[in-house]
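Data block for upload.cif (mmCIF, C-alpha atoms):
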data_model
loop_
_atom_site.label_atom_id
_atom_site.label_comp_id
_atom_site.auth_asym_id
_atom_site.auth_seq_id
_atom_site.Cartn_x
_atom_site.Cartn_y
_atom_site.Cartn_z
CA MET E 1 -15.52 75.59 -20.01
CA ALA E 2 -14.40 75.76 -16.41
CA VAL E 3 -15.86 73.20 -14.03
CA LEU E 4 -16.66 74.50 -10.54
CA ARG E 5 -16.19 72.03 -7.73
CA TYR E 6 -18.56 72.03 -4.77
CA SER E 7 -16.78 71.65 -1.50
CA ILE E 8 -16.94 72.27 2.21
CA VAL E 9 -15.10 75.16 3.79
CA TYR E 10 -13.92 74.17 7.23
CA ARG E 11 -13.44 76.40 10.22
CA ILE E 12 -9.97 75.81 11.63
CA LEU E 13 -7.95 76.65 14.72
CA GLY E 14 -5.38 79.03 13.34
CA MET E 15 -2.94 80.35 10.80
CA CYS E 16 0.85 80.29 11.05
CA LEU E 17 3.59 82.19 9.24
CA TYR E 18 7.18 81.04 9.00
CA THR E 19 10.24 82.71 7.52
CA LEU E 20 13.31 81.07 6.05
CA GLN E 21 16.41 82.98 7.09
CA LEU E 22 19.86 82.73 8.61
CA SER E 23 20.08 81.69 12.28
CA ALA E 24 22.86 82.37 14.78
CA VAL E 25 21.98 79.55 17.21
CA ILE E 26 24.28 76.71 16.14
CA VAL E 27 25.36 73.55 17.99
CA GLN E 28 28.32 71.57 16.68
CA ALA E 29 29.02 67.93 17.58
CA SER E 30 32.33 66.11 17.65
CA ASN E 31 31.69 64.65 14.21
CA LEU E 32 31.53 68.21 12.82
CA ARG E 33 27.78 68.03 12.16
CA GLN E 34 25.91 71.26 12.87
CA ARG E 35 22.31 71.98 13.76
CA ARG E 36 20.33 75.11 14.63
CA TYR E 37 18.10 75.13 17.70
CA LYS E 38 15.52 77.43 19.22
CA VAL E 39 14.44 77.48 22.85
CA LEU E 40 10.92 77.41 24.31
CA ARG E 41 11.13 78.25 28.01
CA GLY E 42 8.79 76.98 30.69
CA TYR E 43 7.59 73.85 28.87
CA LYS E 44 8.42 70.14 28.69
CA MET E 45 7.58 67.75 25.86
CA ASP E 46 5.81 64.61 27.10
CA HIS E 47 7.24 62.63 24.19
CA VAL E 48 10.63 61.32 25.39
CA VAL E 49 12.74 58.54 23.84
CA ALA E 50 15.86 58.68 26.05
CA GLY E 51 16.95 60.12 29.40
CA PRO E 52 17.17 61.69 31.80
CA THR E 53 20.93 62.17 31.64
CA SER E 54 22.70 64.55 34.06
CA PRO E 55 24.52 66.73 34.78
CA LEU E 56 24.84 68.50 31.45
CA SER E 57 24.77 72.09 30.29
CA ALA E 58 22.04 73.14 27.86
CA ILE E 59 24.60 73.17 25.04
CA GLY E 60 25.82 69.75 26.14
CA CYS E 61 22.27 68.45 26.06
CA CYS E 62 21.78 69.77 22.52
CA SER E 63 25.12 68.27 21.47
CA LEU E 64 24.01 64.89 22.83
CA CYS E 65 20.86 65.20 20.74
CA LEU E 66 22.90 66.04 17.66
CA GLU E 67 25.02 62.91 18.16
CA THR E 68 21.97 60.68 18.68
CA ALA E 69 20.23 59.33 15.58
CA GLY E 70 16.65 60.50 15.24
CA CYS E 71 16.80 63.15 17.98
CA LEU E 72 15.11 66.44 17.05
CA ALA E 73 14.53 68.13 20.42
CA VAL E 74 15.47 67.97 24.10
CA ASN E 75 13.88 68.73 27.46
CA TYR E 76 16.41 70.49 29.68
CA ASN E 77 15.88 70.95 33.43
CA THR E 78 17.62 74.13 34.52
CA ALA E 79 17.52 73.14 38.21
CA THR E 80 18.89 69.58 38.01
CA GLN E 81 20.75 69.97 34.69
CA SER E 82 19.06 66.81 33.46
CA CYS E 83 18.55 66.14 29.76
CA GLU E 84 15.83 64.20 27.95
CA LEU E 85 15.84 63.44 24.21
CA SER E 86 12.86 63.45 21.86
CA SER E 87 12.43 62.27 18.28
CA LYS E 88 9.86 65.02 17.60
CA THR E 89 10.05 68.78 17.39
CA VAL E 90 7.55 71.22 18.92
CA HIS E 91 5.76 71.82 15.62
CA GLY E 92 5.03 68.12 15.07
CA ASP E 93 1.65 66.40 15.13
CA ASN E 94 -0.01 64.62 18.07
CA LEU E 95 2.15 66.08 20.83
CA THR E 96 1.36 66.98 24.43
CA PHE E 97 3.24 69.38 26.71
CA SER E 98 3.61 70.10 30.40
CA GLN E 99 4.17 73.60 31.74
CA SER E 100 7.01 73.98 34.27
CA GLU E 101 9.33 76.84 35.18
CA GLU E 102 12.26 74.42 35.58
CA TRP E 103 12.08 72.98 32.08
CA ASP E 104 13.07 74.37 28.68
CA ILE E 105 12.64 72.78 25.25
CA TYR E 106 15.45 73.13 22.72
CA TYR E 107 14.17 72.10 19.30
CA THR E 108 15.56 71.75 15.82
CA LEU E 109 14.87 74.38 13.20
CA ILE E 110 13.93 72.03 10.38
CA ASP E 111 15.12 73.53 7.08
CA ASP E 112 15.76 76.80 9.00
CA TRP E 113 12.04 77.73 9.14
CA SER E 114 11.23 79.99 12.08
CA LEU E 115 7.72 80.62 13.40
CA VAL E 116 7.17 84.39 13.33
CA PHE E 117 3.39 84.68 13.60
CA ARG E 118 0.53 82.53 14.81
CA ALA E 119 -3.08 83.72 14.63
CA ALA E 120 -5.53 81.90 16.89
CA ALA E 121 -9.23 81.52 16.17
CA GLY E 122 -11.97 82.90 18.38
CA ASN E 123 -9.97 85.27 20.60
CA GLY E 124 -11.69 88.46 19.44
CA GLU E 125 -8.43 90.04 18.21
CA SER E 126 -7.92 91.29 14.66
CA VAL E 127 -5.39 89.21 12.73
CA TYR E 128 -4.64 91.99 10.25
CA ASP E 129 -4.27 94.73 12.89
CA THR E 130 -1.94 92.57 15.00
CA TRP E 131 0.23 91.90 11.95
CA ILE E 132 0.61 95.50 10.76
CA ASN E 133 0.83 97.18 14.18
CA THR E 134 4.55 97.63 14.88
CA THR E 135 3.96 98.03 18.63
CA THR E 136 2.32 94.61 18.97
CA GLN E 137 4.82 91.89 19.90
CA THR E 138 4.25 88.71 21.91
CA ASP E 139 7.71 87.21 21.75
CA HIS E 140 7.44 85.36 25.07
CA ALA E 141 4.02 83.77 24.59
CA GLY E 142 5.28 80.17 24.90
CA ALA E 143 1.95 78.38 24.47
CA CYS E 144 1.36 80.18 21.18
CA GLN E 145 4.53 78.69 19.70
CA ILE E 146 3.17 75.16 20.20
CA LEU E 147 0.95 74.16 17.29
CA GLN E 148 -1.36 71.91 19.28
CA PRO E 149 -4.85 72.47 20.76
CA GLN E 150 -3.30 72.31 24.25
CA PRO E 151 -1.82 74.30 25.86
CA ARG E 152 -4.27 76.86 24.50
CA CYS E 153 -3.00 80.04 22.86
CA SER E 154 -5.32 82.82 23.99
CA GLY E 155 -3.86 85.57 21.79
CA HIS E 156 -1.94 85.99 18.55
CA TYR E 157 1.80 85.28 18.64
CA LYS E 158 4.03 87.78 16.83
CA ASN E 159 7.82 87.64 16.77
CA GLN E 160 9.89 90.84 16.71
CA ILE E 161 11.32 89.65 13.38
CA VAL E 162 8.14 90.97 11.74
CA ASP E 163 8.91 94.58 12.69
CA GLY E 164 12.55 94.18 11.59
CA TRP E 165 11.59 92.43 8.37
CA ASN E 166 13.76 94.52 6.04
CA ASN E 167 16.93 93.59 7.95
CA ALA E 168 16.12 89.91 8.58
CA ASP E 169 17.55 88.42 5.35
CA ILE E 170 14.27 86.59 4.65
CA THR E 171 14.30 84.42 1.52
CA GLN E 172 10.93 82.63 1.76
CA VAL E 173 7.67 82.97 3.69
CA LYS E 174 5.39 80.01 4.41
CA LEU E 175 1.74 80.48 5.36
CA GLU E 176 0.13 77.41 6.94
CA LEU E 177 -3.41 76.63 8.11
CA HIS E 178 -3.66 74.24 11.06
CA SER E 179 -6.54 72.28 12.57
CA ALA E 180 -6.26 70.03 15.65
CA GLY E 181 -2.46 70.28 15.54
CA ARG E 182 -2.27 69.18 11.90
CA ARG E 183 -1.37 71.23 8.84
CA VAL E 184 -4.27 71.26 6.37
CA ALA E 185 -3.05 73.76 3.75
CA TYR E 186 -0.01 75.89 2.94
CA VAL E 187 1.47 78.44 0.53
CA ILE E 188 5.18 79.29 0.16
CA PHE E 189 6.09 82.76 -1.11
CA ASP E 190 9.36 84.24 -2.37
CA GLY E 191 10.45 86.59 0.42
CA THR E 192 13.60 87.97 -1.23
CA GLY E 193 13.52 91.77 -1.24
CA SER E 194 10.05 91.83 0.34
CA ASP E 195 8.66 93.86 3.22
CA TYR E 196 6.24 92.72 5.91
CA SER E 197 3.20 93.25 3.68
CA ASN E 198 4.11 92.85 0.00
CA TRP E 199 5.34 89.24 0.38
CA PHE E 200 1.64 88.27 0.28
CA SER E 201 1.30 88.48 -3.49
CA LYS E 202 0.31 86.11 -6.30
CA ASP E 203 3.50 87.06 -8.13
CA ARG E 204 5.60 85.66 -5.27
CA ILE E 205 3.94 82.20 -5.06
CA LEU E 206 6.52 79.39 -5.20
CA GLU E 207 4.58 76.36 -3.99
CA SER E 208 1.20 75.47 -2.52
CA SER E 209 -0.93 72.54 -1.36
CA TRP E 210 -3.58 73.95 -3.75
CA SER E 211 -2.48 72.83 -7.21
CA ASP E 212 -4.16 75.75 -8.99
CA LEU E 213 -2.78 78.48 -6.73
CA THR E 214 -0.12 79.80 -9.09
CA PRO E 215 1.22 83.21 -10.18
CA SER E 216 -0.59 82.88 -13.51
CA ALA E 217 -4.03 82.05 -12.04
CA TYR E 218 -6.86 84.59 -12.14
CA TYR E 219 -7.74 86.31 -8.85
CA THR E 220 -10.38 88.91 -8.08
CA SER E 221 -8.73 89.49 -4.70
CA PHE E 222 -5.34 88.48 -3.34
CA ALA E 223 -4.77 90.83 -0.42
CA MET E 224 -3.66 90.85 3.20
CA GLU E 225 -5.93 93.78 4.02
CA GLY E 226 -8.87 92.31 2.13
CA TRP E 227 -12.16 94.19 2.38
CA GLU E 228 -14.81 94.76 5.03
CA HIS E 229 -14.91 91.72 7.36
CA ARG E 230 -12.59 89.47 5.30
CA THR E 231 -8.79 89.70 5.47
CA VAL E 232 -5.83 87.56 4.27
CA LEU E 233 -8.07 86.93 1.31
CA ILE E 234 -7.46 84.73 -1.74
CA PHE E 235 -10.56 84.77 -3.97
CA GLN E 236 -11.13 83.87 -7.60
CA GLY E 237 -14.68 85.07 -7.93
CA TYR E 238 -17.49 86.79 -6.04
CA GLY E 239 -21.03 85.72 -6.62
CA THR E 240 -24.12 85.56 -4.46
CA CYS E 241 -22.51 83.94 -1.38
CA THR E 242 -23.38 80.40 -2.51
CA THR E 243 -21.21 80.87 -5.60
CA ASP E 244 -18.16 82.53 -4.01
CA VAL E 245 -15.05 80.79 -5.33
CA ALA E 246 -11.97 80.97 -3.12
CA TRP E 247 -9.01 79.27 -1.53
CA MET E 248 -9.02 80.91 1.93
CA SER E 249 -10.13 83.86 4.03
CA VAL E 250 -9.90 85.15 7.58
CA VAL E 251 -13.35 86.26 8.77
CA ALA E 252 -12.88 89.14 11.22
CA PHE E 253 -16.53 89.59 12.22
CA GLN E 254 -20.00 88.52 11.13
CA GLY E 255 -20.79 89.23 7.51
CA PHE E 256 -23.69 88.67 5.17
CA CYS E 257 -22.87 85.22 3.76
CA SER E 258 -23.70 82.01 5.61
CA TRP E 259 -20.05 81.01 5.79
CA ASP E 260 -19.27 84.39 7.41
CA VAL E 261 -21.52 83.50 10.36
CA GLN E 262 -19.42 81.76 13.01
CA SER E 263 -19.73 81.22 16.76
CA SER E 264 -16.67 83.41 17.45
CA TYR E 265 -14.11 85.53 15.61
CA PRO E 266 -11.65 85.66 14.02
CA ALA E 267 -12.54 82.53 12.07
CA PHE E 268 -10.47 80.86 9.35
CA VAL E 269 -12.06 79.21 6.33
CA PHE E 270 -10.39 77.40 3.46
CA SER E 271 -10.98 74.97 0.64
CA PRO E 272 -10.00 71.43 1.72
CA GLU E 273 -9.83 70.45 -1.95
CA LEU E 274 -6.54 70.52 -3.79
CA LEU E 275 -7.85 73.54 -5.69
CA GLN E 276 -10.26 76.47 -5.22
CA ALA E 277 -13.86 75.64 -4.38
CA LEU E 278 -17.31 77.08 -3.94
CA LEU E 279 -17.64 78.23 -0.34
CA LYS E 280 -20.25 76.62 1.86
CA LEU E 281 -20.68 76.69 5.62
CA VAL E 282 -20.85 73.54 7.72
CA SER E 283 -21.03 73.02 11.47
CA GLU E 284 -17.83 72.09 13.26
#

Write out the structure in this file as structure tokens.
Amino acid sequence: MAVLRYSIVYRILGMCLYTLQLSAVIVQASNLRQRRYKVLRGYKMDHVVAGPTSPLSAIGCCSLCLETAGCLAVNYNTATQSCELSSKTVHGDNLTFSQSEEWDIYYTLIDDWSLVFRAAAGNGESVYDTWINTTTQTDHAGACQILQPQPRCSGHYKNQIVDGWNNADITQVKLELHSAGRRVAYVIFDGTGSDYSNWFSKDRILESSWSDLTPSAYYTSFAMEGWEHRTVLIFQGYGTCTTDVAWMSVVAFQGFCSWDVQSSYPAFVFSPELLQALLKLVSE
């Protein structure tokens, strides 16, 4: 007989999607080591372990980082050509940033994961509609690429890779849930041969922070579109609200269950257990 676990479903700040694919941005050091970097323009990481060093080109700054043990990112000043090294990358925990037109951040693509979508809570915008609408791109929304409470991301971030999915050579897709700059849950899907919607499937699950989220598990709903006010939905059973069993859901607008009632939308709810749980609403 199955044992149902009572748990709390937390409201969180947002949902992130990453893709694992080939990257053309490569820096090579004198010792023949290589590393891929991405650039975030108009920001500076406050966490610095060395520097400033000048004058250097942006590539020279990245090369210096590559040759320095523990360096994962750099601040580069385009006006003074100064270079600062950091032992953290922009998607790390407990980071703060300053906004400045003169500074750019070049950061390491750890394991080649690229952020392609970030959905923010409480901005009034539909997560599902933003994802499927091919005319919606926010490629230059710098604050939305930083997975920290500040600077605040006012909209959803969507990279143009999403609309060119079929030609992007995507091998895996990682969905993460974040709260206060910290990852609280994740699922990795097989992205090989997928399109921008069918990657979200139980049959493509490779790994998850939820131990019972597997291809062979029973699901009453595993759908990006979801139904009514709930999208990006992973449910095992529907009951009478107090007996809904699920792993996660995006709540688009107020529904009829207590955990659907939030102060703003979209809202993100999930089971903080290592497996599915009965959904209950708690205050933040």

Reference answer for the PyMOL selection byres ((chain E and resi 74-85) around 12), as a short mmCIF file (atom, residue, chain, number, x, y, z; two decimals) with C-alpha atoms, in the coordinates of the input:
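Output contents, as saved in part-v1.cif:
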data_model
loop_
_atom_site.label_atom_id
_atom_site.label_comp_id
_atom_site.auth_asym_id
_atom_site.auth_seq_id
_atom_site.Cartn_x
_atom_site.Cartn_y
_atom_site.Cartn_z
CA TYR E 37 18.10 75.13 17.70
CA LYS E 38 15.52 77.43 19.22
CA VAL E 39 14.44 77.48 22.85
CA LEU E 40 10.92 77.41 24.31
CA ARG E 41 11.13 78.25 28.01
CA GLY E 42 8.79 76.98 30.69
CA TYR E 43 7.59 73.85 28.87
CA LYS E 44 8.42 70.14 28.69
CA MET E 45 7.58 67.75 25.86
CA ASP E 46 5.81 64.61 27.10
CA HIS E 47 7.24 62.63 24.19
CA VAL E 48 10.63 61.32 25.39
CA VAL E 49 12.74 58.54 23.84
CA ALA E 50 15.86 58.68 26.05
CA GLY E 51 16.95 60.12 29.40
CA PRO E 52 17.17 61.69 31.80
CA THR E 53 20.93 62.17 31.64
CA SER E 54 22.70 64.55 34.06
CA PRO E 55 24.52 66.73 34.78
CA LEU E 56 24.84 68.50 31.45
CA SER E 57 24.77 72.09 30.29
CA ALA E 58 22.04 73.14 27.86
CA ILE E 59 24.60 73.17 25.04
CA GLY E 60 25.82 69.75 26.14
CA CYS E 61 22.27 68.45 26.06
CA CYS E 62 21.78 69.77 22.52
CA SER E 63 25.12 68.27 21.47
CA LEU E 64 24.01 64.89 22.83
CA CYS E 65 20.86 65.20 20.74
CA LEU E 66 22.90 66.04 17.66
CA GLU E 67 25.02 62.91 18.16
CA THR E 68 21.97 60.68 18.68
CA ALA E 69 20.23 59.33 15.58
CA GLY E 70 16.65 60.50 15.24
CA CYS E 71 16.80 63.15 17.98
CA LEU E 72 15.11 66.44 17.05
CA ALA E 73 14.53 68.13 20.42
CA SER E 86 12.86 63.45 21.86
CA SER E 87 12.43 62.27 18.28
CA LYS E 88 9.86 65.02 17.60
CA THR E 89 10.05 68.78 17.39
CA VAL E 90 7.55 71.22 18.92
CA PHE E 97 3.24 69.38 26.71
CA SER E 98 3.61 70.10 30.40
CA GLN E 99 4.17 73.60 31.74
CA SER E 100 7.01 73.98 34.27
CA GLU E 101 9.33 76.84 35.18
CA GLU E 102 12.26 74.42 35.58
CA TRP E 103 12.08 72.98 32.08
CA ASP E 104 13.07 74.37 28.68
CA ILE E 105 12.64 72.78 25.25
CA TYR E 106 15.45 73.13 22.72
CA TYR E 107 14.17 72.10 19.30
CA THR E 108 15.56 71.75 15.82
#

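Between atom CA of Ser264 of chain E and atom CA of Met224 of chain E lies a distance of 20.7 Å.
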
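Candidate residues E:Ser211, E:Ser154, E:Glu225, E:Leu274 were compared for distance to Gly122 of chain E, and the nearest is E:Ser154, using all atoms listed in the file.
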
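Of the residues listed (E:Asn123, E:Asn198, E:Ser179, E:Thr134), E:Asn123 shows the shortest atom-to-atom separation from His156 of chain E; distances use all atoms listed in the file.
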
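Atom CA of Ser197 of chain E to atom CA of Ile132 of chain E spans 7.9 Å [interatomic distance, one decimal].
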